[in-house]
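S.K.: Structure in structure tokens, see below.
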Amino acid sequence: MRRYFRCFLFGFFLIFIAVPTFSSPFSGAGTILHDVRPGKGITRVTWLSEWSSPLEGTPADTRVFIADSGKPGATVFIAGGTHANEIAGILSAVLLIENAVPSAGRLIVIPDMNMSASTWTESTKVPSWVRIETPNGPRFFKYGARYTDPVHQGAPDPDRYVHPKGGDALEGSEARNLNRVYPGKPDGTLTERLAWALMSLLKQEGVDIAFDLHEAGPESRLANMIVANPKNLDLAALAVINLEMDGIRMKLEPSSDAFHGLSHREWGDGTKAYAFLIETPNPAQSTENGNPVEDPQYPLAGRIATHLASIGAILDAWNMDCPPDKRIEFDALPDWRAVAASGAGAFLNW
Amino acid sequence: MVRKHRFVARVLSVALMAGIGVLQVCAQGTVPPSLQGSFLQPGYITSAGQTSDAAIVKVLANTRLKLGFGYDIAAKPQSIAGAKTLVLVLGASNKGLGAAGLSLEQDIERVKSVIAEAQKNGVRIISMHTGGTARRGEASNQVIELCVPVSDVVVVVEGGNNDGFFTDLCEKAGVPLVEVASISAAGNVLKSLMAQQ
Ligand SMILES: [Zn+2]
């Protein structure tokens, strides 16, 4: 009887633990099901591999949330979590999924763009989960890493990383930085496959306006900046002027011609989308002891408000000038002033 | 309440400045009457240092205020042919210089040649600095020192003159300085400088 039990245990181990763990490094077992609770605007939830099959079953496949008004209009894409430690971008994307209801056009949101990066944490000091209080109890969001997990990448880091289009030789680990490898390749490293899949989505869905939400250390040149592909610099300039009137000061930079692989550069150059990257200041990215949520000077809610306000200002500028059948309009949108005043928790669903 | 204090502080500081004879520095956002409506169309905008603030000033002037200015962030002397007002947007940006394929030295040479062309043809010059502290520093100071003394008026958005750099330069060169609180206020100043059509 005991021997049977041992056999049973061994069989159990083989089937449920050993085989899934060791049979394929890309089994998807290493990823997280992030807590995202779609609001009534979301009409479909799918996976990014729908647009590029080489991503299927890998730890970089990620959920795509689509809010389609069913009426003609612009297709707007928003990515959070390109760098999984840049939590204000992730929360901004989540708030849109949980609240936005478009009335013209379509919104496509990926809140956790690099799923492999959200499986690990580079620092030992920052929390690996961020707790947000809501009227219905706490919600938890993963505070991940900047880079794809080396275990998932499928290739060792090169000595130096040089983008296929040229440019400076960067640290080898930059090969695992999603925001250095666009447009990627279908048969490349995991990070390159991820980049390729997103480029495929942008093209196949005819995305008109695309946002990549980031954060940087408060002392960084990038903090509170909109980076725009040169083809849509004027739209960003108009947004910067309007944001300033609302008390939000954003700097503006065009994508560099010499620095390849960044979203605002390659999305804008390789697809018809107007491409923007938005950066807010995250204290935990400049010092080990920085608090990514409750810093008195740079609270998370304020940073989320900056992202939402910037997106709103750019979409307003788009609507001012676009053909009538290309507008993007909303019946409901999380109000950035209310987010800044009441915190993100008030906008998170049950 | 805070606003009221700031207003009082402003009035006091202006009175103080007037008292010690710094008459060139205008009260926040006010354009000296002699300059109002004194700049003629057509206007032309370029950068000095390839700052993307030039794109902001262009959108401010053309999209918001419908001034219809010409624009090239890297204008050459021939670009300003026919212009009666030249707007120089001050600030050195490595990204901008890289995008234009110019070194700072090359861009300074370009700006010198545009200024020379303007002076040859009696084109009056408005210098604008809208980038705040982010567009200050060694490289930006070089283009500011080049442009301020040849300007007919200088407009600076809050933050850009925290260290009094513009105040000193304008005083030395006898150029009126208009400080404003925001980019959109700088737009209002620009509009009031231009002659009504
Ligand atoms: Zn980032």
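Labels used: A, B, ... for chains in the order of the structure tokens, numbers from 1 for residues in each chain, and numbers from 1 for ligands as shown.
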Using only C-alpha atoms, which chain B residues lie at most 8 Å away from chain A, written as a list in words?
M.R.: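 Residues satisfying the distance criterion: Ser52, Asp53, Ala55, Ile56, Val59, Leu60, Lys95, Gly96, Gly98, Ala99, Gly131, Ala134, Ser182, Ile183 and Ser184 of chain B.
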S.K.: Write the residues you've just listed into a file as a PDB file, in the first residue's frame, and include all heavy atoms for each of them.
M.R.:
```pdb
ATOM      1  N   SER B  52      13.635  71.974 -28.973  1.00  0.00           N
ATOM      2  CA  SER B  52      12.292  71.696 -29.487  1.00  0.00           C
ATOM      3  C   SER B  52      11.285  72.724 -28.967  1.00  0.00           C
ATOM      4  O   SER B  52      10.136  72.737 -29.390  1.00  0.00           O
ATOM      5  CB  SER B  52      11.859  70.280 -29.105  1.00  0.00           C
ATOM      6  OG  SER B  52      11.977  70.110 -27.712  1.00  0.00           O
ATOM      7  N   ASP B  53      11.719  73.610 -28.061  1.00  0.00           N
ATOM      8  CA  ASP B  53      10.859  74.726 -27.661  1.00  0.00           C
ATOM      9  C   ASP B  53      10.486  75.570 -28.877  1.00  0.00           C
ATOM     10  O   ASP B  53       9.464  76.262 -28.862  1.00  0.00           O
ATOM     11  CB  ASP B  53      11.572  75.605 -26.611  1.00  0.00           C
ATOM     12  CG  ASP B  53      11.840  74.841 -25.326  1.00  0.00           C
ATOM     13  OD1 ASP B  53      11.105  73.874 -25.051  1.00  0.00           O
ATOM     14  OD2 ASP B  53      12.795  75.199 -24.608  1.00  0.00           O
ATOM     15  N   ALA B  55       9.481  74.403 -31.658  1.00  0.00           N
ATOM     16  CA  ALA B  55       8.227  73.814 -32.160  1.00  0.00           C
ATOM     17  C   ALA B  55       7.053  74.284 -31.308  1.00  0.00           C
ATOM     18  O   ALA B  55       5.955  74.521 -31.822  1.00  0.00           O
ATOM     19  CB  ALA B  55       8.324  72.294 -32.153  1.00  0.00           C
ATOM     20  N   ILE B  56       7.284  74.440 -30.008  1.00  0.00           N
ATOM     21  CA  ILE B  56       6.223  74.932 -29.119  1.00  0.00           C
ATOM     22  C   ILE B  56       5.861  76.371 -29.487  1.00  0.00           C
ATOM     23  O   ILE B  56       4.687  76.720 -29.597  1.00  0.00           O
ATOM     24  CB  ILE B  56       6.661  74.823 -27.640  1.00  0.00           C
ATOM     25  CG1 ILE B  56       6.800  73.344 -27.252  1.00  0.00           C
ATOM     26  CG2 ILE B  56       5.684  75.543 -26.724  1.00  0.00           C
ATOM     27  CD1 ILE B  56       7.238  73.094 -25.835  1.00  0.00           C
ATOM     28  N   VAL B  59       3.844  76.410 -32.708  1.00  0.00           N
ATOM     29  CA  VAL B  59       2.450  76.015 -32.501  1.00  0.00           C
ATOM     30  C   VAL B  59       1.681  77.131 -31.785  1.00  0.00           C
ATOM     31  O   VAL B  59       0.545  77.447 -32.121  1.00  0.00           O
ATOM     32  CB  VAL B  59       2.389  74.689 -31.709  1.00  0.00           C
ATOM     33  CG1 VAL B  59       0.992  74.426 -31.189  1.00  0.00           C
ATOM     34  CG2 VAL B  59       2.861  73.538 -32.592  1.00  0.00           C
ATOM     35  N   LEU B  60       2.359  77.758 -30.810  1.00  0.00           N
ATOM     36  CA  LEU B  60       1.765  78.883 -30.082  1.00  0.00           C
ATOM     37  C   LEU B  60       1.423  80.019 -31.048  1.00  0.00           C
ATOM     38  O   LEU B  60       0.307  80.552 -31.052  1.00  0.00           O
ATOM     39  CB  LEU B  60       2.805  79.357 -29.057  1.00  0.00           C
ATOM     40  CG  LEU B  60       2.404  80.301 -27.953  1.00  0.00           C
ATOM     41  CD1 LEU B  60       1.370  79.649 -27.068  1.00  0.00           C
ATOM     42  CD2 LEU B  60       3.648  80.656 -27.109  1.00  0.00           C
ATOM     43  N   LYS B  95      19.673  66.447 -28.185  1.00  0.00           N
ATOM     44  CA  LYS B  95      18.789  65.649 -29.042  1.00  0.00           C
ATOM     45  C   LYS B  95      18.499  66.409 -30.328  1.00  0.00           C
ATOM     46  O   LYS B  95      18.548  65.861 -31.418  1.00  0.00           O
ATOM     47  CB  LYS B  95      17.461  65.355 -28.332  1.00  0.00           C
ATOM     48  CG  LYS B  95      17.575  64.374 -27.199  1.00  0.00           C
ATOM     49  CD  LYS B  95      17.462  62.956 -27.685  1.00  0.00           C
ATOM     50  CE  LYS B  95      17.914  62.019 -26.570  1.00  0.00           C
ATOM     51  NZ  LYS B  95      17.908  60.631 -26.919  1.00  0.00           N
ATOM     52  N   GLY B  96      18.156  67.695 -30.174  1.00  0.00           N
ATOM     53  CA  GLY B  96      17.826  68.516 -31.332  1.00  0.00           C
ATOM     54  C   GLY B  96      19.010  68.682 -32.260  1.00  0.00           C
ATOM     55  O   GLY B  96      18.874  68.570 -33.482  1.00  0.00           O
ATOM     56  N   GLY B  98      21.519  66.681 -32.546  1.00  0.00           N
ATOM     57  CA  GLY B  98      21.746  65.376 -33.177  1.00  0.00           C
ATOM     58  C   GLY B  98      20.785  65.155 -34.337  1.00  0.00           C
ATOM     59  O   GLY B  98      21.176  64.716 -35.409  1.00  0.00           O
ATOM     60  N   ALA B  99      19.499  65.495 -34.093  1.00  0.00           N
ATOM     61  CA  ALA B  99      18.484  65.289 -35.131  1.00  0.00           C
ATOM     62  C   ALA B  99      18.775  66.144 -36.358  1.00  0.00           C
ATOM     63  O   ALA B  99      18.520  65.735 -37.489  1.00  0.00           O
ATOM     64  CB  ALA B  99      17.098  65.602 -34.591  1.00  0.00           C
ATOM     65  N   GLY B 131      11.856  77.390 -22.074  1.00  0.00           N
ATOM     66  CA  GLY B 131      12.113  76.047 -21.542  1.00  0.00           C
ATOM     67  C   GLY B 131      12.406  75.964 -20.055  1.00  0.00           C
ATOM     68  O   GLY B 131      12.663  74.881 -19.526  1.00  0.00           O
ATOM     69  N   ALA B 134      15.224  73.737 -17.385  1.00  0.00           N
ATOM     70  CA  ALA B 134      15.695  72.608 -18.186  1.00  0.00           C
ATOM     71  C   ALA B 134      16.479  73.067 -19.413  1.00  0.00           C
ATOM     72  O   ALA B 134      17.286  72.313 -19.954  1.00  0.00           O
ATOM     73  CB  ALA B 134      14.518  71.742 -18.626  1.00  0.00           C
ATOM     74  N   SER B 182       4.174  81.891 -17.916  1.00  0.00           N
ATOM     75  CA  SER B 182       3.864  80.642 -18.613  1.00  0.00           C
ATOM     76  C   SER B 182       4.099  80.785 -20.110  1.00  0.00           C
ATOM     77  O   SER B 182       4.251  81.900 -20.624  1.00  0.00           O
ATOM     78  CB  SER B 182       2.393  80.278 -18.378  1.00  0.00           C
ATOM     79  OG  SER B 182       1.566  81.243 -18.991  1.00  0.00           O
ATOM     80  N   ILE B 183       4.104  79.648 -20.782  1.00  0.00           N
ATOM     81  CA  ILE B 183       4.283  79.652 -22.233  1.00  0.00           C
ATOM     82  C   ILE B 183       3.120  80.381 -22.899  1.00  0.00           C
ATOM     83  O   ILE B 183       3.320  81.157 -23.834  1.00  0.00           O
ATOM     84  CB  ILE B 183       4.404  78.205 -22.758  1.00  0.00           C
ATOM     85  CG1 ILE B 183       5.669  77.535 -22.182  1.00  0.00           C
ATOM     86  CG2 ILE B 183       4.475  78.184 -24.279  1.00  0.00           C
ATOM     87  CD1 ILE B 183       5.753  76.045 -22.461  1.00  0.00           C
ATOM     88  N   SER B 184       1.893  80.138 -22.401  1.00  0.00           N
ATOM     89  CA  SER B 184       0.769  80.804 -23.059  1.00  0.00           C
ATOM     90  C   SER B 184       0.818  82.313 -22.838  1.00  0.00           C
ATOM     91  O   SER B 184       0.446  83.087 -23.721  1.00  0.00           O
ATOM     92  CB  SER B 184      -0.563  80.213 -22.619  1.00  0.00           C
ATOM     93  OG  SER B 184      -0.613  80.117 -21.234  1.00  0.00           O
TER      94      SER B 184
END
```
S.K.: Write out as a JSON list (two decimals) with all heavy atoms, in the first residue's frame each polymer residue whose atoms come within 7 Å of Leu86 of chain B, counting only C-alpha atoms; drop sequence neighbours fewer than 4 positions from it.
M.R.:
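File written: around-v2.json
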```json
[["chain", "number", "residue", "atom", "x", "y", "z"],
["B", 43, "GLY", "N", 6.57, 87.35, -39.96],
["B", 43, "GLY", "CA", 7.53, 86.91, -38.97],
["B", 43, "GLY", "C", 8.10, 85.54, -39.34],
["B", 43, "GLY", "O", 7.49, 84.80, -40.13],
["B", 44, "TYR", "N", 9.24, 85.24, -38.79],
["B", 44, "TYR", "CA", 9.87, 83.94, -39.07],
["B", 44, "TYR", "C", 10.50, 83.42, -37.78],
["B", 44, "TYR", "O", 11.18, 84.16, -37.07],
["B", 44, "TYR", "CB", 10.94, 84.09, -40.16],
["B", 44, "TYR", "CG", 11.29, 82.77, -40.81],
["B", 44, "TYR", "CD1", 10.72, 82.41, -42.03],
["B", 44, "TYR", "CD2", 12.16, 81.86, -40.20],
["B", 44, "TYR", "CE1", 11.01, 81.19, -42.63],
["B", 44, "TYR", "CE2", 12.44, 80.64, -40.78],
["B", 44, "TYR", "CZ", 11.87, 80.31, -41.99],
["B", 44, "TYR", "OH", 12.14, 79.10, -42.57],
["B", 45, "ILE", "N", 10.24, 82.11, -37.49],
["B", 45, "ILE", "CA", 10.73, 81.51, -36.24],
["B", 45, "ILE", "C", 11.85, 80.51, -36.55],
["B", 45, "ILE", "O", 11.71, 79.67, -37.44],
["B", 45, "ILE", "CB", 9.60, 80.75, -35.51],
["B", 45, "ILE", "CG1", 8.44, 81.68, -35.19],
["B", 45, "ILE", "CG2", 10.13, 80.08, -34.24],
["B", 45, "ILE", "CD1", 7.17, 80.94, -34.75],
["B", 123, "VAL", "N", 15.73, 93.60, -40.28],
["B", 123, "VAL", "CA", 14.74, 92.72, -39.64],
["B", 123, "VAL", "C", 14.92, 92.83, -38.12],
["B", 123, "VAL", "O", 16.03, 92.70, -37.62],
["B", 123, "VAL", "CB", 14.95, 91.26, -40.10],
["B", 123, "VAL", "CG1", 13.98, 90.33, -39.36],
["B", 123, "VAL", "CG2", 14.80, 91.13, -41.60],
["B", 124, "ARG", "N", 13.82, 93.08, -37.40],
["B", 124, "ARG", "CA", 13.94, 93.21, -35.95],
["B", 124, "ARG", "C", 13.82, 91.83, -35.29],
["B", 124, "ARG", "O", 13.19, 90.92, -35.84],
["B", 124, "ARG", "CB", 12.89, 94.17, -35.41],
["B", 124, "ARG", "CG", 13.18, 95.59, -35.94],
["B", 124, "ARG", "CD", 12.10, 96.54, -35.55],
["B", 124, "ARG", "NE", 12.19, 96.95, -34.15],
["B", 124, "ARG", "CZ", 11.13, 97.17, -33.37],
["B", 124, "ARG", "NH1", 9.91, 96.99, -33.83],
["B", 124, "ARG", "NH2", 11.29, 97.57, -32.12],
["B", 125, "ILE", "N", 14.46, 91.70, -34.14],
["B", 125, "ILE", "CA", 14.64, 90.37, -33.54],
["B", 125, "ILE", "C", 13.96, 90.27, -32.16],
["B", 125, "ILE", "O", 14.17, 91.12, -31.29],
["B", 125, "ILE", "CB", 16.14, 90.02, -33.40],
["B", 125, "ILE", "CG1", 16.78, 89.96, -34.80],
["B", 125, "ILE", "CG2", 16.32, 88.68, -32.67],
["B", 125, "ILE", "CD1", 18.29, 89.76, -34.79],
["B", 126, "ILE", "N", 13.12, 89.23, -32.01],
["B", 126, "ILE", "CA", 12.54, 88.89, -30.71],
["B", 126, "ILE", "C", 13.20, 87.58, -30.26],
["B", 126, "ILE", "O", 13.12, 86.58, -30.96],
["B", 126, "ILE", "CB", 11.01, 88.66, -30.83],
["B", 126, "ILE", "CG1", 10.31, 89.92, -31.37],
["B", 126, "ILE", "CG2", 10.42, 88.22, -29.49],
["B", 126, "ILE", "CD1", 8.83, 89.69, -31.73]]
```
S.K.: Counting only C-alpha atoms and all ligand atoms, what residues are within 8 Å of ligand 1, given as a list in words?
M.R.: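 The neighbouring residues of ligand 1 are, in order, Thr82, His83, Glu86, Arg146, Asn179, Leu213, His214, Glu215, Ala216 and Glu279 of chain A.
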S.K.: Restricted to C-alpha atoms, what would the selected residues look like written as a CSV table (one decimal), in the first residue's frame?
M.R.:
```csv
chain,number,residue,atom,x,y,z
A,82,THR,CA,7.4,48.4,-21.0
A,83,HIS,CA,9.6,48.7,-18.0
A,86,GLU,CA,7.6,52.1,-13.9
A,146,ARG,CA,13.3,47.1,-16.2
A,179,ASN,CA,12.5,49.9,-25.4
A,213,LEU,CA,4.0,55.1,-20.6
A,214,HIS,CA,7.3,55.3,-18.7
A,215,GLU,CA,8.9,56.7,-15.6
A,216,ALA,CA,12.4,58.0,-14.7
A,279,GLU,CA,7.7,60.0,-18.6
```
S.K.: Under the rule that only C-alpha atoms are counted, which of A:Ala93, A:Leu201, A:Ala284, A:Ile209 is the nearest residue to Cys322 of chain A?
M.R.: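 Smallest distance to Cys322 of chain A is found for A:Ile209.
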S.K.: Give the answer as one residue: which of A:Pro299, A:Gly41, A:Pro54, A:Gly261 has the shortest atom-to-atom distance to Tyr161 of chain A, using only C-alpha atoms?
M.R.: A:Gly261
S.K.: Using only C-alpha atoms, which residues sit within 12 Å of Lys120 of chain B once same-chain residues fewer than 5 positions away are excluded, as a PyMOL selection string?
M.R.: chain B and resi 77+80-81+84+113-115
S.K.: Check chain B with DSSP on the backbone and list each residue it calls alpha helix (DSSP H), as a PyMOL selection string.
M.R.: chain B and resi 2-19+53-58+94-100+104-120+138-147+165-173+183-193
